[in-house]
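J.: Let me give you the structure first, and then I'll get to my questions.
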Amino acid sequence: MGIKPLEKGTLWHRLVRTKEHALASGALRSFPTNHAFIEDGGVRFFVRVLASLREKTAARTAQDADPFLPPEKDLTVADVTDTHVAVLNKFNVVDNHLLIVTRHFEDQDSLLTLLDFEALWLCMAEYNGLGFYNGGREAGASQQHKHLQMVPLPLAPSGPPVPIVPLLPGSGRIASVGTIPAFSFLHAYVKLGPDTADAPREAAIKTFELYAAMLRSVGMNEPGTSAFTGRSQPYCFIVAREWMLLVPRSREHFEDISLNSLAYAGSFYVGNKEQLERLRAFGPINALRTVSMPAK
């Protein structure tokens, strides 16, 4: 008997119910943060300051080698498709942080497949969120088992739903690969139609094709017929309902601050106030440039 796919209109309710149960049972570990804003280049970057980064790092280190085979029952939100399951992020600093995990092991160093996009868009259609993929440890991935991620919008308590929105080109042809002028590092940007999420399976086909074109535009491998095409370089990938952004990475850290895909959306995490002030002094856009590849 096959897996029953995600029933439309149920994901948010399932997520909230699972979170409440997981908090009560102790399966979910939420780490408190303070926050600050840094104005830079026309963007009000949102920075979470973790109260105990050391405790969060130690908790991650202590977990099983592969926490997704199988995922913890108390953290499992829903079956999404035959190939993917939705799971709460056990160690989270963002409330309602969802992981979209392959049911069987696939490597986080492999490129995304059409099935990955189908699972992502079925979740993206349920509520307004931001999807992302950390393609490799140098891009901020903490687990080797392939997982996409999704966080609810807005990312910050004030300002646009995604902080970098003021930098995004406001005009131009939809579904053509371009760039964001303010980002002076290698990347690819695509604008999507406002109704893309209304038809998740069609959206998956369209955005998978665009993803391949984005990889090609930055000189990276494209996904092939195999489900396990290896990436040629670490990269961050962000999917919003109306745009996508792909950025090849040169390394994970700016100084001692780990940056993942959400940093390119305008949301940073730091471990203490000293890191916050160093980020403020250097500038978030400069920090992003140091962990990216030079523009061609």
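Naming works like this for the structure tokens: A, B, ... for the chains as they're shown, residue 1 at the start of each chain, ligands 1 onward in shown order.
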Enumerate as a ChimeraX atom specification all residues of stretch 13-245 of chain A assigned to strand (DSSP E or B) by DSSP on the backbone, naming them with the chain letters and numbers the document uses.
T.: /A:29-30,33-40,43-50,76-79,84-88,91-92,98-102,107,110,129-135,145,147-152,177-178,185,188-191,230,235-239,243-245
J.: Compile the contact shell of A:Pro223 as a PyMOL selection string: residues with an atom at most 7 Å away, counting only C-alpha atoms, same-chain residues fewer than 2 positions apart removed.
T.: chain A and resi 111+113+212+221+225+229
J.: Limited to C-alpha atoms, could you put the picked residues into a file as a CSV table (one decimal), in the first residue's frame?
T.:
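Saved file again_0.csv follows:
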chain,number,residue,atom,x,y,z
A,111,LEU,CA,21.8,18.2,-6.7
A,113,THR,CA,15.7,16.5,-8.2
A,212,ALA,CA,19.0,23.7,-13.9
A,221,ASN,CA,26.8,20.9,-12.9
A,225,THR,CA,18.7,11.7,-15.3
A,229,THR,CA,23.9,13.9,-9.6
J.: Pick from A:Val162, A:Ala65, A:Ala197, A:Leu88: nearest to A:Leu120, with only C-alpha atoms counted?
T.: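 Once distances to A:Leu120 are computed over only C-alpha atoms, the minimum belongs to A:Ala197.
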J.: Give me the residues near A:Gln143 as a PDB file with C-alpha atoms, in the first residue's frame, where near means some atom within 9 Å (using only C-alpha atoms) and where sequence neighbours in that chain fewer than 6 positions away do not count.
T.:
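Just written: selection00.pdb:
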ATOM      1  CA  ALA A  65      24.710   9.973  12.955  1.00  0.00           C
ATOM      2  CA  ASP A  66      21.582  10.129  10.779  1.00  0.00           C
ATOM      3  CA  PRO A  67      18.566  11.505  12.676  1.00  0.00           C
ATOM      4  CA  GLN A 108      23.153  16.446   0.800  1.00  0.00           C
ATOM      5  CA  GLY A 136      26.994  21.005   1.293  1.00  0.00           C
ATOM      6  CA  ARG A 137      28.677  21.715   4.620  1.00  0.00           C
TER       7      ARG A 137
END
J.: Within 7 Å of stretch 15-23 of chain A, counting only C-alpha atoms, which residues show up once you throw out same-chain ones fewer than 5 positions away? Write them as a PyMOL selection string, please.
T.: chain A and resi 28+74-75+77
J.: Hey, what's within 6 Å of stretch 89-101 of chain A if we count only C-alpha atoms and toss same-chain stuff fewer than 2 positions away? As JSON, numbers by chain, please?
T.: {"A": [28, 29, 30, 31, 84, 85, 86, 87, 147, 148, 149, 150, 151]}
J.: Can you tell me which residues surround stretch 126-132 of chain A at a distance of at most 8 Å, considering only C-alpha atoms, apart from same-chain residues fewer than 3 positions away, and format the answer as a ChimeraX atom specification?
T.: /A:8-12,120,122-123,148-154,236-241,261-262
J.: Given only C-alpha atoms as the basis, pick out the residue of A:Trp121, A:Phe183, A:Tyr269, A:Tyr133 nearest to A:Gly41.
T.: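 Ranked by minimum distance to A:Gly41, first place goes to A:Phe183.
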J.: Need to verify the contact set: A:Ile3, 9 Å, only C-alpha atoms, exclusion of same-chain residues closer than 2 positions in sequence. Can you return it as a CSV table (one decimal) with N, CA and C atoms, in the first residue's frame?
T.:
chain,number,residue,atom,x,y,z
A,1,MET,N,0.8,-1.2,0.0
A,1,MET,CA,0.0,0.0,0.0
A,1,MET,C,0.9,1.2,0.0
A,5,PRO,N,-0.5,10.8,0.0
A,5,PRO,CA,0.2,12.1,-0.1
A,5,PRO,C,-0.5,13.2,0.8
A,79,ASP,N,3.5,12.9,6.1
A,79,ASP,CA,4.0,12.4,4.8
A,79,ASP,C,3.6,13.4,3.8
A,80,VAL,N,4.6,13.8,3.0
A,80,VAL,CA,4.4,14.8,1.9
A,80,VAL,C,4.1,14.1,0.6
A,81,THR,N,5.0,13.1,0.2
A,81,THR,CA,4.9,12.3,-1.0
A,81,THR,C,5.5,10.9,-0.7
A,82,ASP,N,5.5,10.1,-1.7
A,82,ASP,CA,6.1,8.8,-1.5
A,82,ASP,C,7.6,8.9,-1.2
A,83,THR,N,8.2,10.0,-1.5
A,83,THR,CA,9.7,10.1,-1.4
A,83,THR,C,10.1,11.1,-0.3
J.: Give me, as a PyMOL selection string, the residues of stretch 44-132 of chain A that a backbone DSSP run labels helix (DSSP H, G or I).
T.: chain A and resi 53-62+73-75+114-124
J.: Write out, as a PDB file, in the first residue's frame, the residues just selected, with N, CA and C atoms.
T.:
ATOM      1  N   LEU A  53      24.862  29.597  22.065  1.00  0.00           N
ATOM      2  CA  LEU A  53      25.302  28.895  20.863  1.00  0.00           C
ATOM      3  C   LEU A  53      26.081  27.631  21.220  1.00  0.00           C
ATOM      4  N   ARG A  54      26.862  27.686  22.304  1.00  0.00           N
ATOM      5  CA  ARG A  54      27.654  26.521  22.710  1.00  0.00           C
ATOM      6  C   ARG A  54      26.743  25.344  23.049  1.00  0.00           C
ATOM      7  N   GLU A  55      25.629  25.626  23.760  1.00  0.00           N
ATOM      8  CA  GLU A  55      24.685  24.560  24.119  1.00  0.00           C
ATOM      9  C   GLU A  55      24.040  23.978  22.874  1.00  0.00           C
ATOM     10  N   LYS A  56      23.683  24.833  21.902  1.00  0.00           N
ATOM     11  CA  LYS A  56      23.057  24.356  20.673  1.00  0.00           C
ATOM     12  C   LYS A  56      24.035  23.485  19.887  1.00  0.00           C
ATOM     13  N   THR A  57      25.308  23.905  19.798  1.00  0.00           N
ATOM     14  CA  THR A  57      26.315  23.127  19.076  1.00  0.00           C
ATOM     15  C   THR A  57      26.539  21.778  19.736  1.00  0.00           C
ATOM     16  N   ALA A  58      26.603  21.764  21.066  1.00  0.00           N
ATOM     17  CA  ALA A  58      26.816  20.515  21.797  1.00  0.00           C
ATOM     18  C   ALA A  58      25.648  19.564  21.608  1.00  0.00           C
ATOM     19  N   ALA A  59      24.434  20.106  21.577  1.00  0.00           N
ATOM     20  CA  ALA A  59      23.245  19.272  21.391  1.00  0.00           C
ATOM     21  C   ALA A  59      23.257  18.625  20.011  1.00  0.00           C
ATOM     22  N   ARG A  60      23.630  19.383  18.988  1.00  0.00           N
ATOM     23  CA  ARG A  60      23.708  18.827  17.634  1.00  0.00           C
ATOM     24  C   ARG A  60      24.760  17.733  17.549  1.00  0.00           C
ATOM     25  N   THR A  61      25.918  17.971  18.173  1.00  0.00           N
ATOM     26  CA  THR A  61      27.020  17.018  18.103  1.00  0.00           C
ATOM     27  C   THR A  61      26.653  15.692  18.740  1.00  0.00           C
ATOM     28  N   ALA A  62      25.785  15.755  19.755  1.00  0.00           N
ATOM     29  CA  ALA A  62      25.456  14.553  20.525  1.00  0.00           C
ATOM     30  C   ALA A  62      24.395  13.686  19.856  1.00  0.00           C
ATOM     31  N   LYS A  73       9.557   9.999  15.808  1.00  0.00           N
ATOM     32  CA  LYS A  73       8.101   9.993  15.669  1.00  0.00           C
ATOM     33  C   LYS A  73       7.485  11.275  16.210  1.00  0.00           C
ATOM     34  N   ASP A  74       7.986  11.756  17.348  1.00  0.00           N
ATOM     35  CA  ASP A  74       7.418  12.951  17.969  1.00  0.00           C
ATOM     36  C   ASP A  74       7.675  14.221  17.165  1.00  0.00           C
ATOM     37  N   LEU A  75       8.625  14.166  16.226  1.00  0.00           N
ATOM     38  CA  LEU A  75       8.946  15.334  15.401  1.00  0.00           C
ATOM     39  C   LEU A  75       8.351  15.250  14.004  1.00  0.00           C
ATOM     40  N   LEU A 114      13.582  16.586  -9.436  1.00  0.00           N
ATOM     41  CA  LEU A 114      12.191  16.993  -9.628  1.00  0.00           C
ATOM     42  C   LEU A 114      11.334  16.564  -8.442  1.00  0.00           C
ATOM     43  N   LEU A 115      11.620  15.403  -7.862  1.00  0.00           N
ATOM     44  CA  LEU A 115      10.856  14.933  -6.700  1.00  0.00           C
ATOM     45  C   LEU A 115      11.069  15.841  -5.492  1.00  0.00           C
ATOM     46  N   ASP A 116      12.287  16.372  -5.341  1.00  0.00           N
ATOM     47  CA  ASP A 116      12.534  17.336  -4.268  1.00  0.00           C
ATOM     48  C   ASP A 116      11.680  18.589  -4.467  1.00  0.00           C
ATOM     49  N   PHE A 117      11.641  19.076  -5.693  1.00  0.00           N
ATOM     50  CA  PHE A 117      10.853  20.276  -5.976  1.00  0.00           C
ATOM     51  C   PHE A 117       9.360  20.015  -5.779  1.00  0.00           C
ATOM     52  N   GLU A 118       8.894  18.846  -6.138  1.00  0.00           N
ATOM     53  CA  GLU A 118       7.482  18.533  -5.941  1.00  0.00           C
ATOM     54  C   GLU A 118       7.127  18.575  -4.454  1.00  0.00           C
ATOM     55  N   ALA A 119       7.960  17.954  -3.619  1.00  0.00           N
ATOM     56  CA  ALA A 119       7.694  17.958  -2.181  1.00  0.00           C
ATOM     57  C   ALA A 119       7.750  19.377  -1.614  1.00  0.00           C
ATOM     58  N   LEU A 120       8.731  20.149  -2.053  1.00  0.00           N
ATOM     59  CA  LEU A 120       8.856  21.518  -1.567  1.00  0.00           C
ATOM     60  C   LEU A 120       7.628  22.355  -1.906  1.00  0.00           C
ATOM     61  N   TRP A 121       7.179  22.294  -3.155  1.00  0.00           N
ATOM     62  CA  TRP A 121       6.053  23.138  -3.566  1.00  0.00           C
ATOM     63  C   TRP A 121       4.732  22.679  -2.957  1.00  0.00           C
ATOM     64  N   LEU A 122       4.585  21.389  -2.677  1.00  0.00           N
ATOM     65  CA  LEU A 122       3.379  20.950  -1.965  1.00  0.00           C
ATOM     66  C   LEU A 122       3.326  21.584  -0.583  1.00  0.00           C
ATOM     67  N   CYS A 123       4.486  21.755   0.053  1.00  0.00           N
ATOM     68  CA  CYS A 123       4.533  22.438   1.349  1.00  0.00           C
ATOM     69  C   CYS A 123       4.404  23.953   1.192  1.00  0.00           C
ATOM     70  N   MET A 124       5.066  24.518   0.190  1.00  0.00           N
ATOM     71  CA  MET A 124       5.014  25.969  -0.025  1.00  0.00           C
ATOM     72  C   MET A 124       3.599  26.437  -0.333  1.00  0.00           C
TER      73      MET A 124
END
J.: Which is closest to A:Phe105 among A:Val291, A:Ala78, A:Leu69, A:Val43, if we use only C-alpha atoms?
T.: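 The answer is A:Leu69, which sits nearest to A:Phe105.
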J.: I'd like the interatomic distance between atom CA of A:Asn34 and atom CA of A:Val49, to a tenth of an Å.
T.: 5.1 Å
J.: My list of candidates is A:Tyr235, A:Val165, A:Leu246, A:Gly224. Which is closest to A:Gly178 when distances are computed with only C-alpha atoms?
T.: A:Leu246
J.: Could you check the closest approach to A:Asp40 for each of A:Leu210, A:Val177, A:Val247, A:Leu167 and tell me which residue wins, using only C-alpha atoms?
T.: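 Using only C-alpha atoms, the shortest distance to A:Asp40 belongs to A:Leu167.
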